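Working notes for the structure below.
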Amino acid sequence: MAQSLAKRFGGAPALGGVSFQAGAGEIVGLLGANGAGKSTTMRLLAGYLRPDAGSASIAGRDVVSDRLAARAAVGYLPESPTGFPDLTISEFLAFAAEARGLFGAARRRAIERAVDFADLALALGRPLGALSQGWRQRAWIAQAVAHDPPALILDEPTTALDPEQKARLRGRLRDAAPGKAILISTHILEEAETLCDRVIVFRAGRIVADAPLPSLLDERGRLAPAYAALNAADGR
Ligand SMILES: Nc1ncnc2c1ncn2[C@@H]1O[C@H](COP(=O)(O)OP(=O)(O)OP(=O)(O)O)[C@@H](O)[C@H]1O
């Protein structure tokens with residue numbers, strides 16, 4: 001949940017006070033032009049940035065005052081994730097599970113869940129630094145789901161994936177959705193059309209639409225006309 005979240009970088013406002021909720025069982029798509037504020041919102045919710053004003057909570061835990069509990073309840077895929085080039089996928093997922101306090105059998109289950117979710121079985125021994133962009137993206141998606149959190153915040157999760165893996169991941173997210181609140185950002189309108197229950201459109205650091213997907217679709221099931229109208233409207 002976000003309540004009047006605001007963030008500036010230097011003097012420039014990136015988010016001008018955004019409020020929304022995502023409930024368990026819901027896949028919410030964050031849409032908007034480059035620089036509209038999607039990633040900043042996700043980083044604030046995931047506890048990787050502090051808001052200048054407003055508040056946010058994950059599973060009822062405030063991301064600032066109860067930061068560790070909030071972070072424990074979320075799996076986060078950053079945009080363009082990098083790091084840990086020398087770790088193999090196996091080592092990376094073991095590290096991710098242990099960082100979440102999972103050891104022994106719980107760690108093993110977390111790694112199995114993650115490997116299965118992101119279809120990584122064929123590359124477990126490969127170091128992250130030697131992976132293609134799509135495989136690396138899948139390793140980072142895997143670390144987000146390893147501890148089976150009630151909330152997933154995935155910043156452009158399908159961008160680097162090939163068509164088969166895109167479809168596979170969408171299916172996995174659909175399967176996971178009943179028990180989780182899932183937030184994804186995407187520039188692929190067709191993805192929002194097929195995957196999301198609700199869509200939030202950002203424009204220049206503000207929310208210009210927050211609506212159930214069907215209410216934004218035209219008679220042919222397309223989001224593009226409403227999306228274009230929202231971006232063209234004088235919504236500042
Ligand atoms: N670390 C930073 N330092 C300075 N400005 C930043 C930083 N991160 C984001 N911004 C600015 O904040 C605004 C919102 O950026 P944000 O990354 O949230 O947009 P976005 O909607 O995710 O865009 P994209 O679709 O390109 O990923 C932009 O003006 C951006 O330049």
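Ordering of the structure tokens sets the chain letters (A, B, ...), residue numbers begin anew at 1 in every chain, and ligands are numbered from 1 in the order given.
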
Exercise. When the cut-off is 9 Å and you count only C-alpha atoms and all ligand atoms, which residues lie near ligand 1, shown as a ChimeraX atom specification?
Worked result: /A:7-10,12-15,30-43,79,155-156,185-187,202-205

Keeping only C-alpha atoms, take the residues you just selected and write them out as a tab-separated table (two decimals), in the first residue's frame.
chain	number	residue	atom	x	y	z
A	7	LYS	CA	10.38	11.47	-3.77
A	8	ARG	CA	12.80	14.04	-5.17
A	9	PHE	CA	16.24	13.45	-6.62
A	10	GLY	CA	18.32	16.58	-6.11
A	12	ALA	CA	13.73	17.41	-9.24
A	13	PRO	CA	10.49	15.69	-8.19
A	14	ALA	CA	10.34	12.08	-9.35
A	15	LEU	CA	7.10	11.24	-7.53
A	30	LEU	CA	2.35	-0.21	-13.47
A	31	LEU	CA	2.42	1.52	-16.83
A	32	GLY	CA	3.77	4.85	-17.97
A	33	ALA	CA	6.33	6.52	-20.20
A	34	ASN	CA	10.06	6.45	-19.47
A	35	GLY	CA	10.72	8.53	-16.38
A	36	ALA	CA	7.09	8.53	-15.22
A	37	GLY	CA	7.97	7.17	-11.77
A	38	LYS	CA	7.31	3.41	-11.90
A	39	SER	CA	10.75	2.23	-10.78
A	40	THR	CA	10.98	4.89	-8.09
A	41	THR	CA	7.65	3.71	-6.69
A	42	MET	CA	8.81	0.10	-6.73
A	43	ARG	CA	12.12	0.92	-5.07
A	79	GLU	CA	15.28	-2.96	-13.21
A	155	ASP	CA	10.37	-4.16	-12.36
A	156	GLU	CA	9.97	-5.06	-16.04
A	185	SER	CA	5.93	-2.71	-14.41
A	186	THR	CA	5.88	-3.11	-18.14
A	187	HIS	CA	6.03	-1.20	-21.40
A	202	PHE	CA	1.86	6.94	-14.13
A	203	ARG	CA	2.50	10.23	-15.82
A	204	ALA	CA	5.19	12.68	-14.72
A	205	GLY	CA	5.35	11.31	-11.19

For this session: Please provide the set of residues having any atom within 6 Å of Thr88 in chain A, restricted to only C-alpha atoms, with same-chain residues fewer than 6 positions apart removed, written as a list in words.
Result: Gly125, Arg126, Pro127 and Leu128 of chain A

Hey, can you spit out that residue selection with N, CA and C atoms as an mmCIF file, in the first residue's frame?
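Generated file (again-v7.cif):
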data_model
loop_
_atom_site.group_PDB
_atom_site.id
_atom_site.type_symbol
_atom_site.label_atom_id
_atom_site.label_comp_id
_atom_site.auth_asym_id
_atom_site.auth_seq_id
_atom_site.Cartn_x
_atom_site.Cartn_y
_atom_site.Cartn_z
ATOM 1 N N GLY A 125 25.132 -24.343 -12.697
ATOM 2 C CA GLY A 125 26.557 -24.237 -12.434
ATOM 3 C C GLY A 125 27.227 -23.059 -13.125
ATOM 4 N N ARG A 126 26.449 -22.255 -13.826
ATOM 5 C CA ARG A 126 27.071 -21.165 -14.580
ATOM 6 C C ARG A 126 27.139 -19.894 -13.741
ATOM 7 N N PRO A 127 28.271 -19.178 -13.801
ATOM 8 C CA PRO A 127 28.372 -17.932 -13.038
ATOM 9 C C PRO A 127 27.486 -16.835 -13.645
ATOM 10 N N LEU A 128 26.950 -16.006 -12.775
ATOM 11 C CA LEU A 128 26.066 -14.930 -13.238
ATOM 12 C C LEU A 128 26.743 -14.045 -14.285
#

Problem set entry | Those in range 126-213 of chain A with strand (DSSP E) from DSSP, as a ChimeraX atom specification | /A:151-155,181-185,198-203,206-212

Problem set entry | Contacts of Trp135 in chain A within 10 Å, only C-alpha atoms, excl. fewer than 2 positions in-chain, as a PyMOL selection string | chain A and resi 89+118-120+123+128+130-133+137-141+160-162+165

Residues of the last selection are to be written out with C-alpha atoms, as an mmCIF file, in the first residue's frame.
data_model
loop_
_atom_site.group_PDB
_atom_site.id
_atom_site.type_symbol
_atom_site.label_atom_id
_atom_site.label_comp_id
_atom_site.auth_asym_id
_atom_site.auth_seq_id
_atom_site.Cartn_x
_atom_site.Cartn_y
_atom_site.Cartn_z
ATOM 1 C CA ILE A 89 23.231 -19.559 -10.093
ATOM 2 C CA ALA A 118 12.406 -19.371 -13.434
ATOM 3 C CA ASP A 119 13.302 -22.562 -15.333
ATOM 4 C CA LEU A 120 16.958 -22.500 -14.317
ATOM 5 C CA ALA A 123 22.273 -23.459 -15.908
ATOM 6 C CA LEU A 128 26.066 -14.930 -13.238
ATOM 7 C CA ALA A 130 28.809 -15.392 -17.892
ATOM 8 C CA LEU A 131 25.052 -15.446 -18.436
ATOM 9 C CA SER A 132 23.146 -13.802 -21.255
ATOM 10 C CA GLN A 133 20.820 -10.965 -20.252
ATOM 11 C CA GLN A 137 17.089 -11.816 -15.541
ATOM 12 C CA ARG A 138 15.700 -15.263 -14.731
ATOM 13 C CA ALA A 139 18.277 -15.778 -11.961
ATOM 14 C CA TRP A 140 17.179 -12.491 -10.408
ATOM 15 C CA ILE A 141 13.501 -13.375 -10.773
ATOM 16 C CA ALA A 160 14.932 -9.427 -21.574
ATOM 17 C CA LEU A 161 13.143 -12.756 -21.975
ATOM 18 C CA ASP A 162 12.593 -14.651 -25.215
ATOM 19 C CA GLN A 165 10.156 -17.586 -21.470
#

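When CA of Phe103 in chain A is paired with CA of Gln143 in chain A, their separation reads 14.8 Å.
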